[in-house]
Every structure is written in C-alpha cells, then in structure tokens.
Amino acid sequence: MTLNSEHMGTHPGRTAVPGLVIQLSGFEGAFPLLNISAGGFSIKASETEHMRPGQETVAEIMSVSQKKILRCSARLSEVDLDKEVVSFEFINQNSLQKALLDKLLLQSAVREAG
C-alpha cells in the first residue's frame, strides 16, 4: 500500500530532530523519528504490515537513552512501503502536550540555527 508517496516524510513545516525515537502502543520496539511538526510526525518502519491509515495509537517520543519527552495520541495518516516511512497526525492534544511539543520544536530550531 502506498498513499501520497510523492511527499512522504517531507511534510511542510516538519523538521528533523536527530536522536529521538518513538514507541507506539500496539507495536513492538522503538522507531526512529524522521521528522516532527506541531501537526504530526513521520517514522522509519520496515515492518508495516499491521499499520493501516486511520489507526489510533499513543506515541511516546523519547531520546535514544529512553528519556521520555512527550506522550500523546496520534492517528496513522500515511504508509509508504517503498520508502518504509509511516506518518501520523497528533490528535486530542491538551495544552501541556502542545507546550512540550512547542518546546521540542523550538529547541530543534535553535540547534539548526546555531
């Protein structure tokens, strides 16, 4: 299954944040974070047979050393089997989750500019 593969992993406004991984409820292991924005994120996933657009999950964004940064709900929006990229959109974020995400994005922007 390939959906919207032309723009997979390159969503407008998303930025790469090296050194972060994501654990998803219902899926085993941690997935490398490719990019993130206020609206969602993309991961690298070679095992996508159980991933379908519309699935909802809880995502835990953490450093490679397992330090939890953010926990939030997300909905799978796109799967690109050829590129092994899966994209999600954030759903039902509360104000604390939005603030933590804004902080993460700001820190990433400062690192890129520095």
# chains A, B, ... in the order shown; residues from 1 in each chain; ligands from 1
>>> residues_around(residues="region 52-59 of chain A", least_positions_apart="4", cutoff="7 Å", atoms="only C-alpha atoms", output="list in words")
Ile22, Gln23, Leu24, Ser25, Arg71, Cys72, Ser73, Ala74, Arg75, Leu76, Ser77 and Glu78 of chain A
>>> select_by_dssp(residues="chain A", states="alpha helix (DSSP H)", output="list in words")
Ser95, Leu96, Gln97, Lys98, Ala99, Leu100, Leu101, Asp102, Lys103, Leu104, Leu105, Leu106, Gln107, Ser108, Ala109, Val110, Arg111, Glu112 and Ala113 of chain A
>>> write_last_selection(atoms="C-alpha atoms", output="PDB file, in the first residue's frame")
ATOM      1  CA  SER A  95      -2.336  22.346  26.482  1.00  0.00           C
ATOM      2  CA  LEU A  96       0.599  20.699  28.317  1.00  0.00           C
ATOM      3  CA  GLN A  97       1.288  18.353  25.387  1.00  0.00           C
ATOM      4  CA  LYS A  98       1.147  21.287  22.958  1.00  0.00           C
ATOM      5  CA  ALA A  99       3.563  23.276  25.139  1.00  0.00           C
ATOM      6  CA  LEU A 100       6.028  20.361  25.372  1.00  0.00           C
ATOM      7  CA  LEU A 101       5.866  19.885  21.607  1.00  0.00           C
ATOM      8  CA  ASP A 102       6.419  23.614  21.028  1.00  0.00           C
ATOM      9  CA  LYS A 103       9.463  23.462  23.335  1.00  0.00           C
ATOM     10  CA  LEU A 104      10.868  20.469  21.433  1.00  0.00           C
ATOM     11  CA  LEU A 105      10.399  22.236  18.085  1.00  0.00           C
ATOM     12  CA  LEU A 106      11.931  25.478  19.400  1.00  0.00           C
ATOM     13  CA  GLN A 107      14.978  23.649  20.760  1.00  0.00           C
ATOM     14  CA  SER A 108      15.394  21.915  17.411  1.00  0.00           C
ATOM     15  CA  ALA A 109      15.165  25.233  15.525  1.00  0.00           C
ATOM     16  CA  VAL A 110      17.773  26.810  17.827  1.00  0.00           C
ATOM     17  CA  ARG A 111      20.119  23.855  17.240  1.00  0.00           C
ATOM     18  CA  GLU A 112      19.701  24.166  13.470  1.00  0.00           C
ATOM     19  CA  ALA A 113      20.360  27.921  13.546  1.00  0.00           C
TER      20      ALA A 113
END
>>> select_by_dssp(residues="chain A", states="strand (DSSP E)", output="NGL selection string")
:A and (20-24 or 30-36 or 40-44 or 56-63 or 68-80 or 85-91)
>>> atom_distance(atom1="CA of Ser65 (chain A)", atom2="CA of Asp82 (chain A)")
29.1 Å
>>> atom_distance(atom1="CA of Val85 (chain A)", atom2="CA of Gly19 (chain A)")
17.1 Å
>>> atom_distance(atom1="CA of Gln93 (chain A)", atom2="CA of Ala45 (chain A)")
23.9 Å
>>> residues_around(residues="Ile61 (chain A)", least_positions_apart="3", cutoff="6 Å", atoms="only C-alpha atoms", output="PDB file with C-alpha atoms, in the first residue's frame")
ATOM      1  CA  VAL A  21      12.763   7.579  18.801  1.00  0.00           C
ATOM      2  CA  ILE A  22       9.068   6.819  19.190  1.00  0.00           C
ATOM      3  CA  ILE A  69       9.978  13.718  26.280  1.00  0.00           C
ATOM      4  CA  LEU A  70       6.305  13.604  25.294  1.00  0.00           C
TER       5      LEU A  70
END
>>> closest_residue(among="A:Val17, A:Val79, A:Met62, A:Ile91", to="Thr48 (chain A)", atoms="only C-alpha atoms")
A:Val79
>>> closest_residue(among="A:Glu28, A:Asn92, A:Glu84, A:Thr15", to="Phe41 (chain A)", atoms="only C-alpha atoms")
A:Thr15
